[in-house]
Amino acid sequence: MIELKNVNKFYGTNQVLKDINLIVNEGEKLVIIGPSGSGKSTTIRCMNGLEEVSSGKVIINGIELTHKTKLTICRKYCAMVFQHFNLYPHMSVLENLTLAPMKIQKKNKKEAKEIAYKYLQVVGLEEKANVYPATLSGGQQQRVAIARSLCTQKKIILFDEPTSALDPETVQEVLDVMRKISYEKGTTMVIVTHEMGFAKEVADRVIFMENGAIIEQDTPKNFFENPKNERTRLFLSKILTH
């Protein structure tokens with residue numbers, strides 16, 4: 001579903017991605033971990049055109065992402081859940097969820113509402129359909145944001161550190177929703193996270209990044225129990241003891 005070929009990204013003279021080569025298969029659950037500033041979020045943002053690559057290719061379902069094609073391709077294939085929920089504060093939860101299906105996918109109001117209630121049920125918030133985001137906790141707002149991404153019914157969902165802005169007590173409720181989504185066989189998920197327990201449980205493959213490069217990748221079992229790169233071992237020794 002996703003292929004990055006020799007992807008480089010510069011901000012001025014600062015190179016934040018260095019020759020990234022990566023294939024994400026249909027239905028795969030890929031988790032990207034690494035220290036802050038390692039290029040994780042930039043990688044995922046390049047996958048849906050929020051960042052344009054400086055060189056290399058991004059290919060979604062066999063179609064190259066270019067400046068001209070990215071809007072069409074991303075609307076068709078990719079949904080994204082951000083660190084901060086990015087809900088429209090002046091719209092109810094239901095209105096936030098029905099906006100894209102009606103405006104972009106041209107669904108009628110009845111159909112868009114049916115889809116919205118279906119996914120509000122998935123995230124356990126159907127009773128909050130008619131309230132405004134400001135009345136919700138951070139965890140509830142992120143669950144609404146996940147429901148919004150599901151309402152677009154895209155094949156790919158990208159998660160950019162979806163729990164990093166949350167109170168520790170609400171992290172688990174968001175991870176539980178993401179676990180539920182991971183059981184959907186057809187959904188391709190790419191997740192940037194610091195939640196190692198979640199990565200062990202949900203991922204088909206784990207990638208470790210540092211300084212804009214992919215240092216190591218493996219199955220969760222091999223990655224966490226027998227990392228081969230010394231830098232990976234050092235990172236895991238620090239993060240798994242806290």
# chains A, B, ... in the order shown; residues from 1 in each chain; ligands from 1
$ residues_around --residues "Asn96 of chain A" --least-positions-apart "2" --cutoff "10 Å" --atoms "only C-alpha atoms" --output "MDAnalysis selection string"
chainID A and resid 86:94 98:100 116 129 132:133 144:145 147:148
$ select_by_dssp --residues "segment 9-227 of chain A" --states "alpha helix (DSSP H)" --output "MDAnalysis selection string"
chainID A and resid 40:47 70:77 93:103 109:122 138:151 168:182 196:202 220:225
$ select_by_dssp --residues "chain A" --states "strand (DSSP E)" --output "ChimeraX atom specification"
/A:2-11,14-24,29-33,55-60,63-64,78-81,156-160,188-192,205-210,213-218
$ closest_residue --among "A:Ile20, A:Pro35, A:Lys29, A:Glu126" --to "Tyr183 of chain A" --atoms "only C-alpha atoms"
A:Lys29
$ residues_around --residues "Phe85 of chain A" --least-positions-apart "6" --cutoff "10 Å" --atoms "only C-alpha atoms" --output "MDAnalysis selection string"
chainID A and resid 133 138:146 162 165
$ write_last_selection --atoms "N, CA and C atoms" --output "CSV table (one decimal), in the first residue's frame"
chain,number,residue,atom,x,y,z
A,133,PRO,N,-16.7,19.6,21.2
A,133,PRO,CA,-15.4,19.0,21.6
A,133,PRO,C,-14.9,19.6,23.0
A,138,GLY,N,-9.5,15.0,27.1
A,138,GLY,CA,-8.5,14.8,26.0
A,138,GLY,C,-8.6,13.5,25.4
A,139,GLY,N,-8.8,12.4,26.2
A,139,GLY,CA,-8.9,11.1,25.7
A,139,GLY,C,-10.1,10.9,24.8
A,140,GLN,N,-11.2,11.5,25.3
A,140,GLN,CA,-12.5,11.4,24.5
A,140,GLN,C,-12.3,12.2,23.1
A,141,GLN,N,-11.7,13.3,23.2
A,141,GLN,CA,-11.5,14.1,21.9
A,141,GLN,C,-10.6,13.3,20.9
A,142,GLN,N,-9.6,12.6,21.4
A,142,GLN,CA,-8.8,11.8,20.5
A,142,GLN,C,-9.6,10.6,20.0
A,143,ARG,N,-10.4,10.0,20.8
A,143,ARG,CA,-11.3,8.9,20.3
A,143,ARG,C,-12.2,9.5,19.2
A,144,VAL,N,-12.7,10.7,19.4
A,144,VAL,CA,-13.6,11.3,18.3
A,144,VAL,C,-12.7,11.5,17.1
A,145,ALA,N,-11.5,11.9,17.2
A,145,ALA,CA,-10.6,12.1,16.1
A,145,ALA,C,-10.4,10.8,15.4
A,146,ILE,N,-10.2,9.7,16.1
A,146,ILE,CA,-10.1,8.4,15.5
A,146,ILE,C,-11.3,8.0,14.8
A,162,PRO,N,-0.5,9.5,18.7
A,162,PRO,CA,-1.8,9.9,19.1
A,162,PRO,C,-2.1,10.0,20.6
A,165,ALA,N,-0.2,13.8,23.7
A,165,ALA,CA,-0.7,15.0,24.3
A,165,ALA,C,-1.7,14.7,25.4
$ residues_around --residues "segment 166-182 of chain A" --least-positions-apart "5" --cutoff "12 Å" --atoms "only C-alpha atoms" --output "NGL selection string"
:A and (27-31 or 81-85 or 119-125 or 136-147 or 149-150 or 153 or 155-159 or 161 or 187-191 or 193-204)
$ decode --residues "segment 107-191 of chain A" --atoms "C-alpha atoms" --output "mmCIF file, in the first residue's frame"
data_model
loop_
_atom_site.group_PDB
_atom_site.id
_atom_site.type_symbol
_atom_site.label_atom_id
_atom_site.label_comp_id
_atom_site.auth_asym_id
_atom_site.auth_seq_id
_atom_site.Cartn_x
_atom_site.Cartn_y
_atom_site.Cartn_z
ATOM 1 C CA LYS A 107 -22.459 11.156 0.753
ATOM 2 C CA ASN A 108 -25.938 12.341 1.673
ATOM 3 C CA LYS A 109 -26.641 13.474 5.242
ATOM 4 C CA LYS A 110 -28.517 10.304 6.243
ATOM 5 C CA GLU A 111 -25.723 8.016 5.044
ATOM 6 C CA ALA A 112 -23.010 10.189 6.626
ATOM 7 C CA LYS A 113 -24.860 10.113 9.972
ATOM 8 C CA GLU A 114 -25.233 6.329 9.835
ATOM 9 C CA ILE A 115 -21.487 5.975 9.265
ATOM 10 C CA ALA A 116 -20.723 8.458 12.055
ATOM 11 C CA TYR A 117 -22.867 6.629 14.617
ATOM 12 C CA LYS A 118 -21.309 3.315 13.577
ATOM 13 C CA TYR A 119 -17.818 4.551 14.367
ATOM 14 C CA LEU A 120 -18.847 6.493 17.464
ATOM 15 C CA GLN A 121 -20.037 3.130 18.727
ATOM 16 C CA VAL A 122 -16.641 1.621 17.867
ATOM 17 C CA VAL A 123 -14.870 4.250 20.012
ATOM 18 C CA GLY A 124 -17.555 4.077 22.735
ATOM 19 C CA LEU A 125 -18.843 7.635 22.429
ATOM 20 C CA GLU A 126 -22.201 7.394 20.674
ATOM 21 C CA GLU A 127 -23.838 9.262 23.584
ATOM 22 C CA LYS A 128 -21.571 12.265 22.882
ATOM 23 C CA ALA A 129 -22.746 12.792 19.289
ATOM 24 C CA ASN A 130 -24.417 16.144 19.939
ATOM 25 C CA VAL A 131 -21.930 17.758 22.334
ATOM 26 C CA TYR A 132 -19.066 20.080 21.423
ATOM 27 C CA PRO A 133 -15.394 19.049 21.641
ATOM 28 C CA ALA A 134 -14.636 21.479 24.477
ATOM 29 C CA THR A 135 -16.919 19.489 26.791
ATOM 30 C CA LEU A 136 -14.875 16.303 26.282
ATOM 31 C CA SER A 137 -11.729 15.100 27.995
ATOM 32 C CA GLY A 138 -8.521 14.842 25.980
ATOM 33 C CA GLY A 139 -8.903 11.076 25.667
ATOM 34 C CA GLN A 140 -12.484 11.449 24.471
ATOM 35 C CA GLN A 141 -11.468 14.076 21.912
ATOM 36 C CA GLN A 142 -8.773 11.789 20.545
ATOM 37 C CA ARG A 143 -11.275 8.945 20.309
ATOM 38 C CA VAL A 144 -13.564 11.278 18.337
ATOM 39 C CA ALA A 145 -10.609 12.123 16.080
ATOM 40 C CA ILE A 146 -10.051 8.399 15.491
ATOM 41 C CA ALA A 147 -13.754 7.935 14.724
ATOM 42 C CA ARG A 148 -13.510 10.828 12.263
ATOM 43 C CA SER A 149 -10.655 9.083 10.448
ATOM 44 C CA LEU A 150 -12.677 5.858 10.341
ATOM 45 C CA CYS A 151 -15.678 7.687 8.871
ATOM 46 C CA THR A 152 -13.648 8.416 5.744
ATOM 47 C CA GLN A 153 -13.392 4.623 5.270
ATOM 48 C CA LYS A 154 -9.856 4.846 3.911
ATOM 49 C CA LYS A 155 -7.576 1.834 3.490
ATOM 50 C CA ILE A 156 -4.686 3.527 5.300
ATOM 51 C CA ILE A 157 -4.762 5.211 8.724
ATOM 52 C CA LEU A 158 -1.656 7.084 9.865
ATOM 53 C CA PHE A 159 -1.256 7.815 13.590
ATOM 54 C CA ASP A 160 1.263 10.490 14.612
ATOM 55 C CA GLU A 161 1.898 9.972 18.342
ATOM 56 C CA PRO A 162 -1.833 9.910 19.114
ATOM 57 C CA THR A 163 -1.365 9.573 22.884
ATOM 58 C CA SER A 164 1.505 12.016 23.460
ATOM 59 C CA ALA A 165 -0.736 14.976 24.337
ATOM 60 C CA LEU A 166 -2.910 13.000 26.737
ATOM 61 C CA ASP A 167 -3.025 12.685 30.484
ATOM 62 C CA PRO A 168 -1.522 9.297 31.487
ATOM 63 C CA GLU A 169 -4.897 8.155 32.814
ATOM 64 C CA THR A 170 -6.570 8.605 29.415
ATOM 65 C CA VAL A 171 -3.848 7.028 27.275
ATOM 66 C CA GLN A 172 -5.221 3.532 27.805
ATOM 67 C CA GLU A 173 -8.705 4.324 26.477
ATOM 68 C CA VAL A 174 -7.198 5.569 23.193
ATOM 69 C CA LEU A 175 -4.884 2.564 22.897
ATOM 70 C CA ASP A 176 -7.856 0.257 23.475
ATOM 71 C CA VAL A 177 -9.659 1.846 20.520
ATOM 72 C CA MET A 178 -6.559 1.499 18.346
ATOM 73 C CA ARG A 179 -6.291 -2.172 19.321
ATOM 74 C CA LYS A 180 -9.873 -2.675 18.219
ATOM 75 C CA ILE A 181 -9.113 -1.065 14.840
ATOM 76 C CA SER A 182 -5.992 -3.211 14.429
ATOM 77 C CA TYR A 183 -8.184 -6.323 14.322
ATOM 78 C CA GLU A 184 -9.716 -5.073 11.056
ATOM 79 C CA LYS A 185 -7.826 -7.151 8.515
ATOM 80 C CA GLY A 186 -8.055 -4.783 5.574
ATOM 81 C CA THR A 187 -6.872 -1.645 7.372
ATOM 82 C CA THR A 188 -3.251 -0.645 6.905
ATOM 83 C CA MET A 189 -1.939 1.206 9.974
ATOM 84 C CA VAL A 190 1.294 3.143 10.399
ATOM 85 C CA ILE A 191 1.740 4.294 13.990
#
